[in-house]
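Here is the structure we will look at.
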Amino acid sequence: MFVEVSEAVIQHLTQFDIETQDTLLELIKKAADTNSGLAYQLANRMQKAMQLMEIDTIELWLDQAIDVFDSKGLYGAIEVFDELESIAHNATQKLTGIAFEDVCNMLEHFVVGLNGRRLKIETDKNTFTDTESIFLPSIVNRYAEKDDNFQLYKCMVVLLWAQNWFGTWRQDLSENFSQYENPAQAKQWFHVLEIIRLDHKIKHELPGIHRQMQRLCELAEHPKVCDIIIRGQNIQNIEQQINQHSHVLDILELIPEVILQTPPTLSFYAGCLQIEQVELRREIRLIKEKDLFRQAIAHVLEDKKDKAASELDEDERREISAQEIPDPTMPDGFKYKLELEGESIEPPDGVESLMSSIIQDLGEIPDDYLVAAGDGNYKIIPEPEKNEEKNVWAGTYHEEGAYLHKEWDFRRQRYKKNWCALREVKLTAGSTAFVSDTIKKHSGLIKNLRRTFEILRGEDKTLKKQPYGDDIDIDALVEAWGDMASGMEMSENIFTKMHKEERNIAVIFMVDMSGSTKGWINDAERESLVLLSEALETLGDRYAIYGFTGNTRKRCEVYPIKTFEDEYDDKTRGRISNISPQDYTRLGVFIRHFNQMFEDIEAKTKILITLSDGKPEDYDGYRGEYGIEDTRMALLESRQQGVHPFCITIDKEGRDYLKTMYGSASYVVIDDVKQLPLKVADIYRNITS
Amino acid sequence: MNDIAKSLKPEEYFIKDEPYYEAVGSEIDIFLAAYKQKIPVLLKGPTGCGKTRFMEHMAWRLKKALITVSCHDDLTASDLVGRFLISGGETKWIDGPLARSVRHGAICYLDEIVEARKDTTVVIHPLADDRRVLPMEKVGEVLEATADFCLAISYNPGYQSVLKDLKQSTRQRFVALEFDYPSAELETRIIKTEAGIEQILAERLVKFAHMTRNLKGSGLEEGASTRLLVHAAKLISAGISPVDACHTAIAQALTDDAEMLAAINELSSSLF
């Protein structure tokens with residue numbers, strides 16, 4: 001591979017010893033493996049980078065650029081390269097500072113614990129909240145001690161959470177500020193006064209954090225919120241007008257009194273107010289939540305009245321009322337309880353948090369929210385249809401709503417984060433004719449399978465000569481008695497005990513639906529699934545079947561054929577019949593997806609069986625060594641998690657690469673496709689007993 | 001402290017002092033009515049919300065011995081009914097806790113019943129319907145319950161796996177009482193009474209419990225139970241600082257996950 005660089009670059013490189021030169025060239029090669037332009041840009045900046053950073057940091061810098069390249073292309077990566085100085089600066093800062101990624105998970109738990117609408121924690125150059133997320137700086141390095149820096153992160157989170165919880169955003173702020181000659185100044189004053197109000201609230205509700213805030217101000221030699229002095233003759237008592245019971249409306253009423261003064265500087269942890277972003281979010285949310293709430297109410301009424309929502313008349317729709325009940329833990333001192341004909345009703349799942357979110361926005365549940373939705377088919381007003389599978393290629397496509405999985409790049413020796421977007425796509429059930437044909441065709445075999453599988457099923461076994469048990473083992477007792485009579489020591493093992501061996505196995509079958517399975521491979525796969533399901537129903541093991549197919553990393557699809565919860569009924573049979581060849585085989589992402597699924601499954605033994613017809617292969621470079629290595633890595637992750645992967649394939653050349661991927665004992669190659677249905681159940685029996 | 005623990009037969013053990021119990025609803029009346037009508041009772045609810053305490057309280061009220069069996073997945077039917085043991089060259093029948101309760105007219109409380117295997121739970125069926133008898137196949141007898149006998153079982157619908165659900169044929173024999181964590185006000189009172197701490201501290205502890213309950217489902221399997229709060233409060237009243245008490249008695253009991261632990265500790269230190 002060639003990367004064209006200027007002579008100066010070469011000359012600079014030659015200054016270093018051979019070892020360093022090799023390392024630097026290795027880095028450039030790593031960049032070149034991704035993109036040659038990237039390598040060129042890196043080589044040209046090497047001289048400066050070496051002056052500013054250690055080699056390890058340079059590698060981190062490159063990794064960061066590669067990550068950005070993956071999502072934003074070369075232009076974005078160059079931007080990262082250009083931030084060389086600030087990155088070098090940050091690298092030294094990281095020694096005492098706290099990086100966002102080190103604390104974001106923890107802060108997310110923290111803020112969920114605090115109460116209210118679930119806020120995400122994200123990073124941004126501004127510190128603010130948009131009422132659905134809290135945005136924090138990517139690094140905090142104000143203090144010499146790591147812990148103080150962490151406390152600062154925490155104070156920022158609490159203050160922004162308090163804005164959401166104590167109703168800062170309930171009023172139409174931009175409209176309010178626009179009545180002033182200088183809206184920017186009004187906004188600034190609002191921020192100052194609001195922080196004084198929130199400070200009172202925090203002091204009352206979370207005294208521990210309030211102490212931290214004060215301590216941090218002292219450390220930074222910055223005036224505390226309570227010490228902010230508002231100058232001016234007529235407005236001296238303004239601070240006294242704000243206390244822990246103040247409402248955001250009280251704050252808005254105070255603005256005219258101070259607007260002519262210059263506002264004081266804010267605490268450094270206060271962040272900023274991004275009113276436009278808040279209003280945008282709020283507007284969308286209000287519509288969505290009103291709709292959801294009205295549907296939930298319709299649902300309750302349907303249950304209670306036993307008729308469809310569309311049949312409810314106008315009065316019936318309004319029968320549910322919301323009653324205030326005092327609750328000192330809520331910011332307004334009360335919460336709502338739903339009532340129908342004077343009797344309180346238990347809100348369905350998720351409705352409690354929905355109500356809480358609505359109250360956070362509006363301070364109440366307005367009457368027009370309490371009218372049941374009419375059509376009764378529970379459709380949310382569609383957001384721009386960005387999550388839909390068919391829009392993957394359209395301009396509106398967004399990765400939201402898909403499961404994002406990493407992928408291993410063996411050339412870079414690291415993961416590409418959130419590289420593959422995976423969606424679960426519903427497979428419609430077809431006619432069950434295929435299944436009944438298969439059952440007819442293999443009826444003898446099925447009978448046989450059932451018998452062999454029945455033997456596997458955990459049976460009661462009576463263990464004899466036990467020291468402790470349910471009943472007396474007369475044979476052992478007689479023997480012991482004889483022993484004792486002849487002067488020997490009497491054995492204590494004279495009981496029988498029932499021993500029950502329970503199989504506790506959960507298995508996922510992932511079935512290759514790639515285009516290459518077209519024809520009788522597909523038939524054989526489907527037949528195998530039918531036979532297996534029949535056998536597994538006898539055995540009682542928990543099993544799930546998923547089809548998978550990929551068409552580039554942006555479009556990985558799994559088709560739930562039978563989930564763990566589904567019964568093996570006509571619908572499932574219909575879906576098995578409907579398995580049809582689609583696109584390509586990208587394996588790693590699916591294995592990771594199922595690994596994740598296994599995390600929630602409680603079973604002693606977890607098995608992931610792949611039914612496939614060949615090597616992992618997809619567009620966008622997922623072939624050969626790359627695909628094999630990624631799959632191997634995903635399988636390693638499975639094993640680490642306690643999942644046993646196993647592969648059944650009909651690819652005769654499979655022996656070579658399967659050994660690399662699965663290890664020698666965890667795969668089977670079937671030479672004849674026709675043998676597949678006969679063998680699969682047998683193989684399953686072998687690996688689970 | 002030179003007292004030696006007393007050993008008593010389960011049916012002779014009566015609770016002398018009133019166990020402290022704050023009724024949340026009408027559970028005491030319902031239990032008394034069910035007892036009078038000889039209907040067995042099922043207590044549902046999360047761990048540490050007061051199910052066992054309620055049973056102790058009821059046993060005290062009814063002046064009956066309370067025989068508690070903590071169920072586990074190795075519990076067999078003979079562990080409940082009884083078995084033959086060998087003594088001095090002959091076999092001798094020994095009643096299990098269930099037979100003992102029936103014979104002596106005690107309250108039999110099977111705690112966490114779903115942990116027992118399904119075939120074990122079936123032995124309580126004849127006792128739990130209007131027959132009120134306990135067949136003892138091994139001795140060829142049937143034990144008929146008197147009006148004094150009472151059967152109660154408990155389970156936590158929240159955390160057990162789907163495998164361990166209660167069979168319909170079992171659950172449909174019982175009157176079900178649902179337990180949940182008490183309201184903030186009541187929970188504060190309970191903690192104050194149990195541990196003897198100040199009102200403000202008790203309020204803060206309850207608030208902390210609510211914070212951990214908010215985390216249920218987003219990383220925590222369960223929030224802090226009332227029992228854990230009482231533990232923490234008792235540590236506080238013994239002189240441990242509130243943050244340390246919350247850390248050891250609550251956070252560590254809830255999770256082993258390092259990030260979650262850190263978050264819970266930060267929550268408690270924001271409150272105290």
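Convention: chains lettered A, B, ... in structure tokens order; per-chain residue numbering from 1; ligands numbered from 1 as shown.
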- Message: For Val69 (chain B), find every residue with an atom within 10 Å (counting only C-alpha atoms), except residues of its own chain fewer than 6 positions away, and show them as a VMD selection string.
- Response: chain B and resid 75 79 to 80 97 to 98 108 to 113 153
With N, CA and C atoms retained, export the selected residues as a CSV table (one decimal), in the first residue's frame.
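Below is the file that was written, part.csv:
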chain,number,residue,atom,x,y,z
B,75,LEU,N,-37.1,-28.9,48.7
B,75,LEU,CA,-38.2,-29.3,49.6
B,75,LEU,C,-39.0,-30.4,49.1
B,79,ASP,N,-40.7,-33.7,53.5
B,79,ASP,CA,-40.2,-32.7,54.4
B,79,ASP,C,-41.4,-31.9,55.0
B,80,LEU,N,-42.5,-31.9,54.3
B,80,LEU,CA,-43.7,-31.2,54.9
B,80,LEU,C,-44.6,-32.1,55.7
B,97,PRO,N,-43.5,-30.3,59.5
B,97,PRO,CA,-44.2,-29.1,60.0
B,97,PRO,C,-45.6,-29.0,59.7
B,98,LEU,N,-46.0,-29.4,58.5
B,98,LEU,CA,-47.4,-29.3,58.0
B,98,LEU,C,-48.3,-30.2,58.9
B,108,CYS,N,-49.9,-22.6,59.9
B,108,CYS,CA,-48.7,-23.1,59.1
B,108,CYS,C,-48.5,-22.0,58.0
B,109,TYR,N,-47.3,-21.5,57.9
B,109,TYR,CA,-47.0,-20.4,57.0
B,109,TYR,C,-45.9,-20.9,56.0
B,110,LEU,N,-46.2,-21.1,54.8
B,110,LEU,CA,-45.2,-21.6,53.8
B,110,LEU,C,-44.7,-20.4,53.1
B,111,ASP,N,-43.5,-20.0,53.4
B,111,ASP,CA,-42.9,-18.7,52.9
B,111,ASP,C,-42.3,-19.0,51.5
B,112,GLU,N,-42.4,-18.1,50.6
B,112,GLU,CA,-41.9,-18.2,49.2
B,112,GLU,C,-42.2,-19.6,48.6
B,113,ILE,N,-43.5,-19.8,48.6
B,113,ILE,CA,-44.0,-21.1,48.1
B,113,ILE,C,-43.5,-21.5,46.7
B,153,ILE,N,-49.8,-19.0,52.7
B,153,ILE,CA,-48.6,-19.1,51.9
B,153,ILE,C,-48.2,-17.7,51.4
Can you check which residues of chain A have any atom within 9 Å of chain B? Use only C-alpha atoms and format it as an mmCIF file with N, CA and C atoms, in the first residue's frame.
data_model
loop_
_atom_site.group_PDB
_atom_site.id
_atom_site.type_symbol
_atom_site.label_atom_id
_atom_site.label_comp_id
_atom_site.auth_asym_id
_atom_site.auth_seq_id
_atom_site.Cartn_x
_atom_site.Cartn_y
_atom_site.Cartn_z
ATOM 1 N N VAL A 103 -18.138 8.639 33.455
ATOM 2 C CA VAL A 103 -19.181 8.805 34.478
ATOM 3 C C VAL A 103 -20.594 8.802 33.918
ATOM 4 N N ASN A 105 -22.617 6.608 32.516
ATOM 5 C CA ASN A 105 -23.552 5.554 32.931
ATOM 6 C C ASN A 105 -24.009 5.767 34.356
ATOM 7 N N MET A 106 -23.021 6.116 35.168
ATOM 8 C CA MET A 106 -23.327 6.283 36.570
ATOM 9 C C MET A 106 -24.277 7.467 36.768
ATOM 10 N N LEU A 107 -24.009 8.558 36.056
ATOM 11 C CA LEU A 107 -24.871 9.733 36.198
ATOM 12 C C LEU A 107 -26.274 9.439 35.673
ATOM 13 N N GLU A 108 -26.339 8.592 34.677
ATOM 14 C CA GLU A 108 -27.657 8.253 34.150
ATOM 15 C C GLU A 108 -28.483 7.511 35.209
ATOM 16 N N HIS A 109 -27.853 6.541 35.892
ATOM 17 C CA HIS A 109 -28.551 5.868 37.003
ATOM 18 C C HIS A 109 -28.952 6.901 38.057
ATOM 19 N N PHE A 110 -28.012 7.777 38.337
ATOM 20 C CA PHE A 110 -28.219 8.785 39.379
ATOM 21 C C PHE A 110 -29.470 9.614 39.090
ATOM 22 N N VAL A 111 -29.575 10.065 37.845
ATOM 23 C CA VAL A 111 -30.668 10.975 37.523
ATOM 24 C C VAL A 111 -32.003 10.224 37.453
ATOM 25 N N VAL A 112 -31.962 8.944 37.093
ATOM 26 C CA VAL A 112 -33.193 8.149 37.131
ATOM 27 C C VAL A 112 -33.659 8.029 38.582
ATOM 28 N N GLY A 113 -32.689 7.822 39.477
ATOM 29 C CA GLY A 113 -33.024 7.723 40.889
ATOM 30 C C GLY A 113 -33.651 8.986 41.436
ATOM 31 N N LEU A 114 -33.239 10.131 40.908
ATOM 32 C CA LEU A 114 -33.739 11.400 41.447
ATOM 33 C C LEU A 114 -35.237 11.600 41.252
ATOM 34 N N ASN A 115 -35.829 10.919 40.276
ATOM 35 C CA ASN A 115 -37.261 11.017 40.027
ATOM 36 C C ASN A 115 -37.584 11.745 38.723
ATOM 37 N N GLY A 116 -38.833 11.632 38.350
ATOM 38 C CA GLY A 116 -39.311 12.373 37.195
ATOM 39 C C GLY A 116 -39.055 11.682 35.877
ATOM 40 N N LYS A 154 -21.792 16.216 38.998
ATOM 41 C CA LYS A 154 -23.011 15.848 39.708
ATOM 42 C C LYS A 154 -23.874 17.089 39.963
ATOM 43 N N GLU A 205 -34.635 19.885 49.410
ATOM 44 C CA GLU A 205 -34.864 18.492 49.010
ATOM 45 C C GLU A 205 -33.596 17.639 49.086
ATOM 46 N N LEU A 206 -32.491 18.198 48.671
ATOM 47 C CA LEU A 206 -31.255 17.421 48.604
ATOM 48 C C LEU A 206 -30.125 18.153 49.319
ATOM 49 N N PRO A 207 -30.228 18.237 50.642
ATOM 50 C CA PRO A 207 -29.255 19.055 51.371
ATOM 51 C C PRO A 207 -27.809 18.635 51.124
ATOM 52 N N GLY A 208 -27.579 17.351 50.906
ATOM 53 C CA GLY A 208 -26.211 16.882 50.681
ATOM 54 C C GLY A 208 -25.612 17.525 49.451
ATOM 55 N N ILE A 209 -26.397 17.579 48.394
ATOM 56 C CA ILE A 209 -25.882 18.130 47.146
ATOM 57 C C ILE A 209 -25.726 19.649 47.276
ATOM 58 N N HIS A 210 -26.608 20.246 48.042
ATOM 59 C CA HIS A 210 -26.507 21.691 48.241
ATOM 60 C C HIS A 210 -25.193 22.036 48.933
ATOM 61 N N ARG A 211 -24.831 21.238 49.914
ATOM 62 C CA ARG A 211 -23.538 21.460 50.582
ATOM 63 C C ARG A 211 -22.389 21.350 49.594
ATOM 64 N N GLN A 212 -22.484 20.352 48.707
ATOM 65 C CA GLN A 212 -21.432 20.195 47.693
ATOM 66 C C GLN A 212 -21.333 21.443 46.825
ATOM 67 N N ASP A 327 -49.385 14.516 48.073
ATOM 68 C CA ASP A 327 -48.194 13.675 48.101
ATOM 69 C C ASP A 327 -46.988 14.601 48.268
ATOM 70 N N PRO A 328 -46.464 14.652 49.474
ATOM 71 C CA PRO A 328 -45.389 15.612 49.747
ATOM 72 C C PRO A 328 -44.119 15.361 48.935
ATOM 73 N N THR A 329 -44.009 14.162 48.326
ATOM 74 C CA THR A 329 -42.784 13.913 47.574
ATOM 75 C C THR A 329 -42.819 14.564 46.189
ATOM 76 N N GLY A 469 -33.148 -39.044 53.475
ATOM 77 C CA GLY A 469 -34.054 -39.144 52.342
ATOM 78 C C GLY A 469 -35.496 -39.240 52.752
ATOM 79 N N ASP A 470 -36.366 -39.526 51.769
ATOM 80 C CA ASP A 470 -37.797 -39.501 51.992
ATOM 81 C C ASP A 470 -38.278 -40.776 52.664
ATOM 82 N N ASP A 471 -37.614 -41.859 52.424
ATOM 83 C CA ASP A 471 -38.138 -43.141 52.867
ATOM 84 C C ASP A 471 -36.999 -44.067 53.274
ATOM 85 N N ILE A 472 -37.402 -45.164 53.931
ATOM 86 C CA ILE A 472 -36.362 -46.089 54.392
ATOM 87 C C ILE A 472 -36.042 -47.106 53.309
ATOM 88 N N TRP A 481 -28.558 -53.775 59.679
ATOM 89 C CA TRP A 481 -28.993 -54.464 60.892
ATOM 90 C C TRP A 481 -28.121 -55.717 61.115
ATOM 91 N N MET A 498 -35.665 -39.407 46.373
ATOM 92 C CA MET A 498 -36.085 -39.121 45.000
ATOM 93 C C MET A 498 -35.173 -38.047 44.441
ATOM 94 N N ILE A 601 -32.365 -14.091 29.816
ATOM 95 C CA ILE A 601 -32.959 -15.424 29.949
ATOM 96 C C ILE A 601 -32.268 -16.139 31.100
ATOM 97 N N GLU A 602 -33.093 -16.705 31.972
ATOM 98 C CA GLU A 602 -32.515 -17.409 33.101
ATOM 99 C C GLU A 602 -32.494 -18.902 32.775
#
- Message: List the spatial neighbours of Gly45 (chain B) as a list in words - criterion: any atom at most 9 Å away, only C-alpha atoms, same-chain residues fewer than 3 positions off excluded.
- Response: Gly48, Cys49, Gly50, Lys51, Ser154, Tyr155, Asn156, Pro157, Gly158, Leu177, Glu178, Phe179, Asp180 and Tyr181 of chain B
Take the residues that were just selected and, keeping C-alpha atoms, output them as a PDB file, in the first residue's frame.
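Saved file again.pdb follows:
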ATOM      1  CA  GLY B  48     -39.278  -6.964  52.837  1.00  0.00           C
ATOM      2  CA  CYS B  49     -42.667  -5.275  52.709  1.00  0.00           C
ATOM      3  CA  GLY B  50     -43.992  -6.922  55.868  1.00  0.00           C
ATOM      4  CA  LYS B  51     -45.562 -10.241  54.887  1.00  0.00           C
ATOM      5  CA  SER B 154     -46.602 -16.237  50.450  1.00  0.00           C
ATOM      6  CA  TYR B 155     -44.862 -15.417  47.239  1.00  0.00           C
ATOM      7  CA  ASN B 156     -43.230 -12.527  45.458  1.00  0.00           C
ATOM      8  CA  PRO B 157     -44.744 -12.135  42.008  1.00  0.00           C
ATOM      9  CA  GLY B 158     -41.959  -9.776  41.003  1.00  0.00           C
ATOM     10  CA  LEU B 177     -53.912 -10.395  50.142  1.00  0.00           C
ATOM     11  CA  GLU B 178     -51.722  -8.039  48.177  1.00  0.00           C
ATOM     12  CA  PHE B 179     -48.895  -6.290  49.992  1.00  0.00           C
ATOM     13  CA  ASP B 180     -46.853  -3.390  48.722  1.00  0.00           C
ATOM     14  CA  TYR B 181     -44.509  -0.872  50.233  1.00  0.00           C
TER      15      TYR B 181
END
- Message: Using only C-alpha atoms, which protein or nucleic acid residues come within 9 Å of Cys272 (chain A)? Drop anything in the same chain fewer than 3 positions from it, and give the result as JSON, numbers by chain.
- Response: {"A": [126, 127, 128, 129, 191]}
Let's have the selection written as an mmCIF file, in the first residue's frame, with N, CA and C atoms.
data_model
loop_
_atom_site.group_PDB
_atom_site.id
_atom_site.type_symbol
_atom_site.label_atom_id
_atom_site.label_comp_id
_atom_site.auth_asym_id
_atom_site.auth_seq_id
_atom_site.Cartn_x
_atom_site.Cartn_y
_atom_site.Cartn_z
ATOM 1 N N ASN A 126 -22.179 22.835 25.022
ATOM 2 C CA ASN A 126 -22.913 23.619 26.011
ATOM 3 C C ASN A 126 -23.476 22.703 27.099
ATOM 4 N N THR A 127 -23.638 23.272 28.289
ATOM 5 C CA THR A 127 -24.264 22.520 29.373
ATOM 6 C C THR A 127 -25.703 22.994 29.503
ATOM 7 N N PHE A 128 -26.638 22.105 29.179
ATOM 8 C CA PHE A 128 -28.051 22.519 29.229
ATOM 9 C C PHE A 128 -28.938 21.281 29.229
ATOM 10 N N THR A 129 -30.257 21.524 29.330
ATOM 11 C CA THR A 129 -31.186 20.405 29.182
ATOM 12 C C THR A 129 -32.232 20.781 28.148
ATOM 13 N N HIS A 191 -32.718 33.487 34.203
ATOM 14 C CA HIS A 191 -31.811 32.405 34.564
ATOM 15 C C HIS A 191 -31.247 32.615 35.974
#
- Task: Based on DSSP run over this structure's backbone, return all residues of region 80-183 of chain B in strand (DSSP E or B), as a ChimeraX atom specification.
- Result: /B:82-87,90-95,107-111,133-136,141-144,150-155,175-178
- For Glu343 (chain A), which residue out of A:Arg281, A:Lys461, A:Lys304, A:Arg45 is the nearest one, using only C-alpha atoms?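 Ranking A:Arg281, A:Lys461, A:Lys304, A:Arg45 by distance to Glu343 (chain A), first place goes to A:Lys304.
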- From the DSSP assignment of the backbone, select every residue of region 49-250 of chain B that is alpha helix (DSSP H), and format the answer as JSON, numbers by chain. {"B": [51, 52, 53, 54, 55, 56, 57, 58, 59, 60, 61, 62, 77, 78, 79, 80, 81, 97, 98, 99, 100, 101, 102, 103, 104, 118, 119, 120, 121, 125, 126, 127, 128, 168, 169, 170, 171, 184, 185, 186, 187, 188, 189, 190, 191, 192, 193, 194, 195, 199, 200, 201, 202, 203, 204, 205, 206, 207, 208, 209, 210, 211, 212, 213, 214, 226, 227, 228, 229, 230, 231, 232, 233, 234, 235, 236, 237, 242, 243, 244, 245]}
- Straight-line distance linking CA of Val558 (chain A) with CA of Leu422 (chain A), stated in Å to one decimal: 7.4 Å
